$ cat target-v3.cif   # mmCIF, C-alpha atoms
data_work
loop_
_atom_site.label_atom_id
_atom_site.label_comp_id
_atom_site.auth_asym_id
_atom_site.auth_seq_id
_atom_site.Cartn_x
_atom_site.Cartn_y
_atom_site.Cartn_z
CA MET A 800 0.00 0.00 0.00
CA PHE A 801 1.07 3.60 -0.43
CA ILE A 802 2.60 5.11 2.74
CA VAL A 803 3.58 8.74 3.39
CA LYS A 804 7.16 8.85 4.66
CA SER A 805 7.96 12.58 4.90
CA TYR A 806 6.38 15.33 6.95
CA LEU A 807 6.30 17.63 3.91
CA LEU A 808 4.27 15.11 1.91
CA ALA A 809 2.00 14.61 4.93
CA VAL A 810 1.34 18.37 5.01
CA ILE A 811 0.56 18.34 1.26
CA PHE A 812 -1.90 15.49 1.82
CA CYS A 813 -3.52 17.49 4.64
CA PHE A 814 -3.91 20.49 2.35
CA VAL A 815 -5.69 18.25 -0.15
CA THR A 816 -7.91 17.20 2.77
CA MET A 817 -8.62 20.85 3.56
CA LEU A 818 -9.53 21.60 -0.06
CA CYS A 819 -11.81 18.56 -0.28
CA TRP A 820 -13.53 19.08 3.08
CA GLY A 821 -14.07 22.74 2.27
CA SER A 822 -15.31 22.18 -1.30
CA TRP A 823 -17.74 19.26 -1.22
CA GLY A 824 -20.48 21.62 0.00
CA ASN A 825 -20.52 23.19 -3.46
CA THR A 826 -22.12 20.02 -4.83
CA GLN A 827 -24.93 20.45 -2.31
CA LYS A 828 -25.35 24.06 -3.38
CA LEU A 829 -25.54 22.97 -7.02
CA ALA A 830 -28.04 20.20 -6.31
CA SER A 831 -30.19 22.38 -4.04
CA LYS A 832 -31.49 24.32 -7.03
CA SER A 833 -33.81 21.40 -7.76
CA TRP A 834 -33.09 18.83 -5.05
CA ARG A 835 -33.72 18.66 -1.32
CA TYR A 836 -30.57 18.16 0.77
CA GLU A 837 -32.09 15.06 2.39
CA LEU A 838 -32.21 13.41 -1.05
CA PHE A 839 -28.80 14.78 -2.01
CA TYR A 840 -27.35 13.20 1.10
CA TRP A 841 -28.20 9.66 -0.03
CA ASP A 842 -26.13 10.15 -3.18
CA TYR A 843 -23.39 11.75 -1.08
CA VAL A 844 -23.13 8.68 1.17
CA ILE A 845 -23.16 6.31 -1.82
CA GLY A 846 -20.35 8.33 -3.42
CA MET A 847 -18.35 8.12 -0.21
CA LEU A 848 -18.63 4.32 -0.05
CA LEU A 849 -17.79 3.81 -3.74
CA PHE A 850 -14.72 6.04 -3.57
CA SER A 851 -13.50 4.40 -0.35
CA LEU A 852 -13.58 1.06 -2.15
CA LEU A 853 -11.79 2.52 -5.18
CA ILE A 854 -8.92 4.02 -3.20
CA SER A 855 -8.61 0.86 -1.08
CA LEU A 856 -8.30 -1.36 -4.18
CA THR A 857 -5.68 0.96 -5.73
CA MET A 858 -3.47 2.89 -3.28
CA GLY A 859 -4.36 0.47 -0.50
CA SER A 860 -3.47 -2.68 -2.43
CA PHE A 861 -0.45 -1.81 -4.61
CA GLY A 862 3.19 -1.93 -3.47
CA THR A 863 5.14 -4.11 -1.06
CA GLU A 864 4.82 -2.14 2.19
CA GLY A 865 2.10 -2.58 4.76
CA ARG A 866 -0.79 -5.01 4.53
CA PRO A 867 -2.90 -5.14 1.35
CA PHE A 868 -6.52 -4.04 1.75
CA PHE A 869 -8.20 -7.46 1.83
CA ASP A 870 -5.50 -8.99 4.06
CA ASP A 871 -5.92 -6.10 6.45
CA LEU A 872 -9.69 -6.52 6.59
CA ALA A 873 -9.36 -10.26 7.22
CA GLN A 874 -7.09 -9.85 10.27
CA ALA A 875 -8.88 -6.88 11.88
CA GLU A 876 -10.16 -7.34 15.42
CA MET A 877 -13.82 -6.62 16.11
CA SER A 878 -12.86 -3.91 18.61
CA SER A 879 -11.03 -2.00 15.84
CA ILE A 880 -13.90 -2.45 13.39
CA PHE A 881 -16.48 -1.34 15.97
CA SER A 882 -14.43 1.74 16.88
CA VAL A 883 -14.28 2.88 13.24
CA ILE A 884 -17.98 2.14 12.63
CA LEU A 885 -18.82 4.19 15.72
CA GLY A 886 -16.72 7.01 14.30
CA GLY A 887 -18.73 6.76 11.07
CA VAL A 888 -22.04 6.87 12.94
CA ILE A 889 -21.00 9.96 14.93
CA PHE A 890 -19.71 11.66 11.80
CA ASN A 891 -22.92 10.94 9.91
CA ALA A 892 -25.08 12.48 12.62
CA SER A 893 -22.90 15.60 12.62
CA ASN A 894 -22.68 15.87 8.84
CA ILE A 895 -26.44 15.61 8.33
CA LEU A 896 -26.84 18.51 10.76
CA LEU A 897 -24.10 20.44 8.95
CA SER A 898 -25.83 19.82 5.61
CA ALA A 899 -29.08 21.08 7.12
CA SER A 900 -27.28 24.16 8.42
CA THR A 901 -25.73 24.79 5.00
CA SER A 902 -29.15 24.61 3.33
CA ILE A 903 -30.58 27.08 5.87
CA ALA A 904 -27.78 29.53 6.73
CA GLY A 905 -25.43 29.21 3.75
CA LEU A 906 -21.96 27.78 3.10
CA SER A 907 -19.98 30.74 4.43
CA VAL A 908 -21.78 30.60 7.80
CA ALA A 909 -22.34 26.87 8.44
CA PHE A 910 -18.80 25.71 7.64
CA PRO A 911 -16.73 28.30 9.55
CA LEU A 912 -18.93 27.91 12.62
CA GLY A 913 -19.62 24.16 12.59
CA VAL A 914 -16.31 22.86 11.24
CA GLY A 915 -14.33 25.56 13.05
CA LEU A 916 -15.84 24.51 16.38
CA SER A 917 -15.09 20.88 15.61
CA LEU A 918 -11.47 21.84 14.86
CA VAL A 919 -10.95 23.40 18.28
CA LEU A 920 -12.54 20.54 20.23
CA GLY A 921 -11.18 17.84 17.91
CA VAL A 922 -7.55 18.98 18.18
CA ILE A 923 -7.75 18.81 21.98
CA ILE A 924 -9.36 15.35 21.90
CA ASN A 925 -6.94 13.95 19.32
CA TYR A 926 -3.84 15.44 20.94
CA ILE A 927 -4.76 13.89 24.30
CA GLY A 928 -5.31 10.54 22.56
CA ALA A 929 -2.11 10.64 20.45
CA PRO A 930 0.21 13.56 21.39
CA LYS A 931 2.50 14.61 18.55
CA GLY A 932 3.97 18.02 17.71
CA ASN A 933 4.74 21.11 19.78
CA PRO A 934 1.62 21.69 21.93
CA VAL A 935 2.29 25.41 22.51
CA ILE A 936 2.52 26.26 18.80
CA LEU A 937 -0.28 23.82 17.93
CA PHE A 938 -2.75 25.37 20.36
CA LEU A 939 -1.64 28.90 19.43
CA GLY A 940 -2.76 27.99 15.91
CA VAL A 941 -6.06 26.76 17.29
CA LEU A 942 -6.51 30.04 19.22
CA LEU A 943 -5.97 32.07 16.05
CA ILE A 944 -8.60 29.99 14.28
CA VAL A 945 -11.02 30.58 17.18
CA ILE A 946 -10.58 34.32 16.60
CA ALA A 947 -11.29 33.77 12.91
CA ILE A 948 -14.50 31.91 13.80
CA ILE A 949 -15.60 34.77 16.08
CA CYS A 950 -15.01 37.26 13.26
CA ASN A 951 -17.15 35.17 10.94
CA GLY A 952 -19.90 34.98 13.55
CA ILE A 953 -19.92 38.77 14.03
CA ALA A 954 -20.00 39.32 10.26
CA SER A 955 -22.90 36.88 9.95
CA GLY A 956 -24.75 38.66 12.76
CA LYS A 957 -24.35 42.00 11.01
CA MET A 958 -25.77 40.53 7.81
CA GLN A 959 -28.72 39.04 9.70
CA GLY A 960 -29.50 42.46 11.09
CA LYS A 961 -30.61 43.45 7.58
CA ALA A 962 -32.96 40.49 7.22
CA ASP A 963 -36.61 40.38 8.19
CA ALA A 964 -37.85 38.51 11.27
CA ALA A 965 -38.55 35.26 9.39
CA ASP A 966 -35.08 35.19 7.85
CA ARG A 967 -33.42 35.95 11.20
CA GLU A 968 -35.27 33.05 12.82
CA LYS A 969 -34.23 30.81 9.95
CA ASN A 970 -30.58 31.85 10.30
CA ARG A 971 -30.66 31.28 14.06
CA LYS A 972 -31.83 27.72 13.43
CA GLY A 973 -29.00 27.25 10.92
CA ILE A 974 -26.44 28.53 13.41
CA LEU A 975 -27.75 26.27 16.20
CA LEU A 976 -27.54 23.24 13.90
CA ALA A 977 -23.96 24.19 12.97
CA ILE A 978 -22.96 24.36 16.65
CA VAL A 979 -24.41 20.92 17.45
CA ALA A 980 -22.81 19.52 14.27
CA GLY A 981 -19.43 20.95 15.29
CA ILE A 982 -19.54 19.37 18.75
CA LEU A 983 -20.39 15.95 17.31
CA MET A 984 -17.86 16.25 14.49
CA SER A 985 -15.04 16.84 16.97
CA LEU A 986 -15.51 13.32 18.32
CA PHE A 987 -15.48 11.04 15.25
CA TYR A 988 -11.79 11.22 14.23
CA ARG A 989 -10.49 9.92 17.55
CA PHE A 990 -12.48 6.69 17.25
CA VAL A 991 -10.96 6.07 13.81
CA ALA A 992 -7.40 6.98 14.86
CA ARG A 993 -7.65 4.66 17.87
CA ALA A 994 -8.17 1.68 15.55
CA MET A 995 -5.05 2.43 13.47
CA ASP A 996 -1.41 1.81 14.39
CA LEU A 997 -0.29 5.42 13.84
CA ASP A 998 3.33 4.66 14.75
CA ASN A 999 3.87 1.96 12.15
CA PHE A 1000 1.83 1.78 8.96
CA GLU A 1001 4.62 -0.31 7.35
CA SER A 1002 4.15 -3.19 9.81
CA PRO A 1003 0.98 -2.37 11.75
CA ALA A 1004 0.15 -4.28 14.92
CA ALA A 1005 -2.00 -7.36 14.54
CA GLY A 1006 -5.72 -6.66 14.78
CA MET A 1007 -5.39 -2.97 14.01
CA LEU A 1008 -6.28 -1.25 10.73
CA THR A 1009 -4.45 0.61 7.99
CA PRO A 1010 -5.84 3.93 6.70
CA TYR A 1011 -7.38 2.21 3.67
CA SER A 1012 -9.38 -0.42 5.55
CA ALA A 1013 -10.33 2.27 8.06
CA ILE A 1014 -11.84 4.60 5.45
CA PHE A 1015 -13.82 1.72 3.92
CA ILE A 1016 -15.23 0.49 7.25
CA PHE A 1017 -15.93 4.11 8.20
CA SER A 1018 -17.96 4.59 5.00
CA VAL A 1019 -19.92 1.42 5.74
CA GLY A 1020 -20.75 2.84 9.18
CA VAL A 1021 -21.94 6.07 7.57
CA LEU A 1022 -24.15 4.21 5.08
CA LEU A 1023 -25.75 1.91 7.68
CA SER A 1024 -26.51 4.77 10.08
CA ASN A 1025 -27.95 6.80 7.22
CA PHE A 1026 -30.95 4.46 7.05
CA ILE A 1027 -31.83 5.67 10.55
CA PHE A 1028 -30.65 9.28 10.65
CA ASN A 1029 -31.61 10.43 7.17
CA THR A 1030 -34.93 8.58 7.24
CA LEU A 1031 -35.83 10.51 10.40
CA VAL A 1032 -34.77 13.81 8.83
CA MET A 1033 -36.75 13.04 5.67
CA ARG A 1034 -39.90 12.44 7.72
CA HIS A 1035 -39.24 15.31 10.14
CA PRO A 1036 -37.17 17.89 8.21
CA PHE A 1037 -35.57 20.93 9.85
CA ALA A 1038 -37.06 23.09 7.10
CA GLY A 1039 -39.78 22.49 4.52
CA GLU A 1040 -42.22 19.63 4.04
CA PRO A 1041 -41.44 15.92 4.60
CA VAL A 1042 -39.86 14.14 1.65
CA SER A 1043 -40.31 10.50 0.56
CA TYR A 1044 -38.03 7.86 -0.94
CA LYS A 1045 -40.29 7.87 -3.99
CA GLU A 1046 -39.03 11.36 -4.78
CA TYR A 1047 -35.43 10.17 -4.68
CA PHE A 1048 -35.96 7.89 -7.66
CA LYS A 1049 -37.43 10.76 -9.67
CA GLY A 1050 -34.09 12.57 -9.69
CA SER A 1051 -32.15 12.93 -12.95
CA PHE A 1052 -28.85 11.14 -13.57
CA ARG A 1053 -27.02 14.48 -13.43
CA THR A 1054 -28.57 15.33 -10.07
CA HIS A 1055 -27.63 11.96 -8.58
CA LEU A 1056 -24.12 12.25 -10.02
CA THR A 1057 -23.66 15.63 -8.32
CA GLY A 1058 -24.31 14.05 -4.93
CA VAL A 1059 -22.04 11.08 -5.65
CA LEU A 1060 -19.29 13.52 -6.65
CA GLY A 1061 -19.73 15.36 -3.35
CA GLY A 1062 -19.26 12.13 -1.39
CA ALA A 1063 -16.22 11.16 -3.46
CA ILE A 1064 -14.60 14.56 -2.84
CA TRP A 1065 -15.14 14.28 0.90
CA CYS A 1066 -13.87 10.69 0.96
CA LEU A 1067 -10.68 11.61 -0.93
CA GLY A 1068 -9.91 14.27 1.65
CA THR A 1069 -10.61 11.94 4.57
CA ALA A 1070 -8.52 9.11 3.13
CA PHE A 1071 -5.59 11.49 2.64
CA SER A 1072 -6.00 12.70 6.24
CA TYR A 1073 -5.83 9.13 7.56
CA ILE A 1074 -2.82 8.35 5.36
CA ALA A 1075 -1.01 11.49 6.55
CA SER A 1076 -1.77 10.86 10.22
CA GLY A 1077 0.98 8.26 10.52
CA LYS A 1078 3.65 10.90 9.84
CA ALA A 1079 1.97 14.09 11.06
CA GLY A 1080 -0.01 12.70 13.98
CA ALA A 1081 -3.77 12.56 14.42
CA ALA A 1082 -4.11 16.04 15.99
CA ILE A 1083 -2.16 17.86 13.26
CA SER A 1084 -3.78 15.90 10.40
CA TYR A 1085 -7.21 16.65 11.80
CA ALA A 1086 -6.40 20.32 12.47
CA LEU A 1087 -5.02 21.00 8.98
CA GLY A 1088 -7.94 19.28 7.32
CA GLN A 1089 -10.33 21.31 9.42
CA GLY A 1090 -8.93 24.45 7.83
CA ALA A 1091 -11.81 23.64 5.48
CA PRO A 1092 -13.96 26.52 6.81
CA MET A 1093 -11.59 28.98 5.14
CA ILE A 1094 -12.03 27.19 1.81
CA ALA A 1095 -15.81 27.02 2.27
CA ALA A 1096 -15.93 30.69 3.22
CA ILE A 1097 -13.98 31.58 0.06
CA TRP A 1098 -16.53 29.66 -2.01
CA GLY A 1099 -19.42 31.23 -0.14
CA VAL A 1100 -18.10 34.80 -0.29
CA PHE A 1101 -16.59 34.96 -3.78
CA ILE A 1102 -18.53 32.36 -5.80
CA TRP A 1103 -21.97 32.11 -4.20
CA LYS A 1104 -22.04 35.79 -3.14
CA GLU A 1105 -23.57 34.97 0.24
CA PHE A 1106 -22.33 38.30 1.64
CA LYS A 1107 -23.36 40.35 -1.39
CA GLY A 1108 -24.19 43.94 -0.49
CA SER A 1109 -22.37 43.74 2.85
CA SER A 1110 -21.01 46.87 4.56
CA LYS A 1111 -17.35 47.87 4.85
CA SER A 1112 -17.25 46.64 8.44
CA VAL A 1113 -18.52 43.18 7.38
CA ASN A 1114 -15.95 43.02 4.58
CA ALA A 1115 -13.24 44.01 7.06
CA LEU A 1116 -14.31 41.24 9.44
CA LEU A 1117 -14.20 38.69 6.61
CA GLY A 1118 -10.70 39.86 5.68
CA ILE A 1119 -9.55 39.51 9.29
CA MET A 1120 -11.14 36.06 9.41
CA PHE A 1121 -9.09 34.90 6.43
CA LEU A 1122 -5.86 36.35 7.87
CA PHE A 1123 -6.30 34.65 11.22
CA PHE A 1124 -7.21 31.34 9.57
CA ILE A 1125 -4.04 31.46 7.48
CA ALA A 1126 -1.92 32.39 10.51
CA GLY A 1127 -3.51 29.61 12.56
CA LEU A 1128 -2.88 27.00 9.87
CA GLY A 1129 0.73 28.19 9.62
CA CYS A 1130 1.23 27.60 13.35
CA ILE A 1131 -0.30 24.15 13.11
CA ILE A 1132 2.11 23.22 10.30
CA ILE A 1133 5.12 24.56 12.20
CA SER A 1134 4.09 22.68 15.35
CA GLY A 1135 4.59 19.36 13.59
CA GLY A 1136 8.13 20.22 12.55
CA ASN A 1137 9.26 20.64 16.14
#

$ encode --input "target-v3.cif" --output "structure tokens"
Amino acid sequence: MFIVKSYLLAVIFCFVTMLCWGSWGNTQKLASKSWRYELFYWDYVIGMLLFSLLISLTMGSFGTEGRPFFDDLAQAEMSSIFSVILGGVIFNASNILLSASTSIAGLSVAFPLGVGLSLVLGVIINYIGAPKGNPVILFLGVLLIVIAIICNGIASGKMQGKADAADREKNRKGILLAIVAGILMSLFYRFVARAMDLDNFESPAAGMLTPYSAIFIFSVGVLLSNFIFNTLVMRHPFAGEPVSYKEYFKGSFRTHLTGVLGGAIWCLGTAFSYIASGKAGAAISYALGQGAPMIAAIWGVFIWKEFKGSSKSVNALLGIMFLFFIAGLGCIIISGGN
């Protein structure tokens, strides 16, 4: 299987993770023009599972180092498998809420708040579980990103002040969903990392998983839990009327493909994060990937024009947000080189 052996390459992989995690939401935005997010999410989960299998049968099976994908699955202990599935279940609950928040409050609000919050909590959780890197510089980076999140929240609040009462109530619901999603999302990565031998991907301990088997089992956990979580959301949506499975099969091929692409993009980023974690450590891999809010905010601000017509003070806050995100990510990268 393919193994990252240098910290520089691990950082590059984490930047790919950040781009993927911050960009998949665009597929939801594209599909939402004619497609409810609850229906989109089924295609998203299917795309995730298909891509996890593809990367496991290619990067996870070629080469002479490590255990090939099928061999790794065959020797995995049930405790490792259960831990990763649990991570998938937790992630799915959080991501459904984040998708709902995106559909209600917009990409540039839901991602910086929800994913940013998960970054702060997730770095602490993952560092305690597998300490790696300079903690002072690492958490300085996290602090800078917290400031960036606060700036985004203030800018969002200023924009909401221009909206009518109905829109403000809608945005408040979107923000609340993003907060709950962020708290849940901070927990999933640790359960996956615990099942992998982060110190030795070349000759992993018996019973533990490689990144490739982990991402596949994780995707299975997401799919299985989706029959419960997404079914509930379809029947009791956060916004709009209930939606049925019958409507899902009325979607066009292009619409379904958009959702599958979104899942594949997210899965690529997650797989690269797992692969990089052996060299960079779980906390740093997670933290760099969770720089995704900056990418999502760029999409939301410059492509989707979600802050169109904003005042100079709002634009200034957005600029400060980007600067602090970049500074925070820089500290996180430096922390791993110490």

$ residues_around --input "target-v3.cif" --residues "Ile903 in chain A" --least-positions-apart "3" --cutoff "9 Å" --atoms "only C-alpha atoms" --output "PDB file with C-alpha atoms, in the coordinates of the input"
ATOM      1  CA  SER A 898     -25.830  19.820   5.610  1.00  0.00           C
ATOM      2  CA  ALA A 899     -29.080  21.080   7.120  1.00  0.00           C
ATOM      3  CA  SER A 900     -27.280  24.160   8.420  1.00  0.00           C
ATOM      4  CA  ALA A 909     -22.340  26.870   8.440  1.00  0.00           C
ATOM      5  CA  LYS A 969     -34.230  30.810   9.950  1.00  0.00           C
ATOM      6  CA  ASN A 970     -30.580  31.850  10.300  1.00  0.00           C
ATOM      7  CA  LYS A 972     -31.830  27.720  13.430  1.00  0.00           C
ATOM      8  CA  GLY A 973     -29.000  27.250  10.920  1.00  0.00           C
ATOM      9  CA  ILE A 974     -26.440  28.530  13.410  1.00  0.00           C
ATOM     10  CA  PHE A1037     -35.570  20.930   9.850  1.00  0.00           C
ATOM     11  CA  ALA A1038     -37.060  23.090   7.100  1.00  0.00           C
TER      12      ALA A1038
END

$ residues_near_point --input "target-v3.cif" --point "(-5.1, 20.8, -2.4)" --cutoff "12 Å" --atoms "only C-alpha atoms" --output "ChimeraX atom specification"
/A:808-822,1064,1067-1068,1071-1072,1087-1088,1090-1091,1094

$ residues_around --input "target-v3.cif" --residues "Ile1132 in chain A" --least-positions-apart "5" --cutoff "12 Å" --atoms "only C-alpha atoms" --output "short mmCIF file (atom, residue, chain, number, x, y, z; two decimals) with C-alpha atoms, keeping the file's coordinate frame"
data_model
loop_
_atom_site.label_atom_id
_atom_site.label_comp_id
_atom_site.auth_asym_id
_atom_site.auth_seq_id
_atom_site.Cartn_x
_atom_site.Cartn_y
_atom_site.Cartn_z
CA TYR A 806 6.38 15.33 6.95
CA LEU A 807 6.30 17.63 3.91
CA LEU A 808 4.27 15.11 1.91
CA ALA A 809 2.00 14.61 4.93
CA VAL A 810 1.34 18.37 5.01
CA ILE A 811 0.56 18.34 1.26
CA CYS A 813 -3.52 17.49 4.64
CA PHE A 814 -3.91 20.49 2.35
CA LYS A 931 2.50 14.61 18.55
CA GLY A 932 3.97 18.02 17.71
CA ASN A 933 4.74 21.11 19.78
CA PRO A 934 1.62 21.69 21.93
CA ILE A 936 2.52 26.26 18.80
CA LEU A 937 -0.28 23.82 17.93
CA PHE A 938 -2.75 25.37 20.36
CA LEU A 939 -1.64 28.90 19.43
CA GLY A 940 -2.76 27.99 15.91
CA VAL A 941 -6.06 26.76 17.29
CA ALA A 1079 1.97 14.09 11.06
CA GLY A 1080 -0.01 12.70 13.98
CA ALA A 1082 -4.11 16.04 15.99
CA ILE A 1083 -2.16 17.86 13.26
CA SER A 1084 -3.78 15.90 10.40
CA TYR A 1085 -7.21 16.65 11.80
CA ALA A 1086 -6.40 20.32 12.47
CA LEU A 1087 -5.02 21.00 8.98
CA GLY A 1088 -7.94 19.28 7.32
CA GLY A 1090 -8.93 24.45 7.83
CA ILE A 1125 -4.04 31.46 7.48
CA ALA A 1126 -1.92 32.39 10.51
CA GLY A 1127 -3.51 29.61 12.56
CA ASN A 1137 9.26 20.64 16.14
#

$ resolve_selection --input "target-v3.cif" --expression "the PyMOL selection byres ((chain A and resi 1020-1036) around 9)" --output "PyMOL selection string"
chain A and resi 837-838+840-841+844-845+847-848+883-892+895+899+1015-1019+1037-1044

$ write_last_selection --input "target-v3.cif" --atoms "C-alpha atoms" --output "PDB file, in the coordinates of the input"
ATOM      1  CA  GLU A 837     -32.090  15.060   2.390  1.00  0.00           C
ATOM      2  CA  LEU A 838     -32.210  13.410  -1.050  1.00  0.00           C
ATOM      3  CA  TYR A 840     -27.350  13.200   1.100  1.00  0.00           C
ATOM      4  CA  TRP A 841     -28.200   9.660  -0.030  1.00  0.00           C
ATOM      5  CA  VAL A 844     -23.130   8.680   1.170  1.00  0.00           C
ATOM      6  CA  ILE A 845     -23.160   6.310  -1.820  1.00  0.00           C
ATOM      7  CA  MET A 847     -18.350   8.120  -0.210  1.00  0.00           C
ATOM      8  CA  LEU A 848     -18.630   4.320  -0.050  1.00  0.00           C
ATOM      9  CA  VAL A 883     -14.280   2.880  13.240  1.00  0.00           C
ATOM     10  CA  ILE A 884     -17.980   2.140  12.630  1.00  0.00           C
ATOM     11  CA  LEU A 885     -18.820   4.190  15.720  1.00  0.00           C
ATOM     12  CA  GLY A 886     -16.720   7.010  14.300  1.00  0.00           C
ATOM     13  CA  GLY A 887     -18.730   6.760  11.070  1.00  0.00           C
ATOM     14  CA  VAL A 888     -22.040   6.870  12.940  1.00  0.00           C
ATOM     15  CA  ILE A 889     -21.000   9.960  14.930  1.00  0.00           C
ATOM     16  CA  PHE A 890     -19.710  11.660  11.800  1.00  0.00           C
ATOM     17  CA  ASN A 891     -22.920  10.940   9.910  1.00  0.00           C
ATOM     18  CA  ALA A 892     -25.080  12.480  12.620  1.00  0.00           C
ATOM     19  CA  ILE A 895     -26.440  15.610   8.330  1.00  0.00           C
ATOM     20  CA  ALA A 899     -29.080  21.080   7.120  1.00  0.00           C
ATOM     21  CA  PHE A1015     -13.820   1.720   3.920  1.00  0.00           C
ATOM     22  CA  ILE A1016     -15.230   0.490   7.250  1.00  0.00           C
ATOM     23  CA  PHE A1017     -15.930   4.110   8.200  1.00  0.00           C
ATOM     24  CA  SER A1018     -17.960   4.590   5.000  1.00  0.00           C
ATOM     25  CA  VAL A1019     -19.920   1.420   5.740  1.00  0.00           C
ATOM     26  CA  PHE A1037     -35.570  20.930   9.850  1.00  0.00           C
ATOM     27  CA  ALA A1038     -37.060  23.090   7.100  1.00  0.00           C
ATOM     28  CA  GLY A1039     -39.780  22.490   4.520  1.00  0.00           C
ATOM     29  CA  GLU A1040     -42.220  19.630   4.040  1.00  0.00           C
ATOM     30  CA  PRO A1041     -41.440  15.920   4.600  1.00  0.00           C
ATOM     31  CA  VAL A1042     -39.860  14.140   1.650  1.00  0.00           C
ATOM     32  CA  SER A1043     -40.310  10.500   0.560  1.00  0.00           C
ATOM     33  CA  TYR A1044     -38.030   7.860  -0.940  1.00  0.00           C
TER      34      TYR A1044
END

$ atom_distance --input "target-v3.cif" --atom1 "CA of Thr1009 in chain A" --atom2 "CA of Pro930 in chain A"
19.2 Å

$ atom_distance --input "target-v3.cif" --atom1 "CA of Leu1008 in chain A" --atom2 "CA of Asn925 in chain A"
17.5 Å

$ closest_residue --input "target-v3.cif" --among "A:Tyr836, A:Phe868, A:Tyr1047, A:Phe861" --to "Ser1012 in chain A" --atoms "only C-alpha atoms"
A:Phe868

$ residues_around --input "target-v3.cif" --residues "Thr826 in chain A" --least-positions-apart "5" --cutoff "10 Å" --atoms "only C-alpha atoms" --output "short mmCIF file (atom, residue, chain, number, x, y, z; two decimals) with C-alpha atoms, keeping the file's coordinate frame"
data_model
loop_
_atom_site.label_atom_id
_atom_site.label_comp_id
_atom_site.auth_asym_id
_atom_site.auth_seq_id
_atom_site.Cartn_x
_atom_site.Cartn_y
_atom_site.Cartn_z
CA SER A 831 -30.19 22.38 -4.04
CA PHE A 839 -28.80 14.78 -2.01
CA TYR A 843 -23.39 11.75 -1.08
CA THR A 1054 -28.57 15.33 -10.07
CA LEU A 1056 -24.12 12.25 -10.02
CA THR A 1057 -23.66 15.63 -8.32
CA GLY A 1058 -24.31 14.05 -4.93
CA VAL A 1059 -22.04 11.08 -5.65
CA LEU A 1060 -19.29 13.52 -6.65
CA GLY A 1061 -19.73 15.36 -3.35
CA GLY A 1062 -19.26 12.13 -1.39
CA ILE A 1064 -14.60 14.56 -2.84
#

$ axis_aligned_box --input "target-v3.cif" --around "range 1094-1098 of chain A" --padding-each-side "3 Å" --output "lines of an AutoDock Vina configuration file"
center_x = -14.3
center_y = 29.3
center_z = 0.6
size_x = 10.5
size_y = 10.6
size_z = 11.2

$ residues_around --input "target-v3.cif" --residues "Gly913 in chain A" --least-positions-apart "3" --cutoff "6 Å" --atoms "all atoms listed in the file" --output "ChimeraX atom specification"
/A:909-910,916,977-978,980-981

$ resolve_selection --input "target-v3.cif" --expression "the PyMOL selection byres ((chain A and resi 803) around 7)" --output "PyMOL selection string"
chain A and resi 801-802+804-805+808-809+1074-1075+1078

$ resolve_selection --input "target-v3.cif" --expression "the PyMOL selection byres ((chain A and resi 1099-1111) around 9)" --output "PyMOL selection string"
chain A and resi 825+828+905-908+954-955+957-958+1094-1098+1112-1117

$ closest_residue --input "target-v3.cif" --among "A:Tyr1011, A:Tyr926, A:Trp834, A:Phe1000" --to "Ser985 in chain A" --atoms "all atoms listed in the file"
A:Tyr926

$ closest_residue --input "target-v3.cif" --among "A:Pro1003, A:Gly921, A:Gly952, A:Gly915" --to "Glu864 in chain A" --atoms "all atoms listed in the file"
A:Pro1003

$ atom_distance --input "target-v3.cif" --atom1 "CA of Arg1053 in chain A" --atom2 "CA of Lys832 in chain A"
12.6 Å
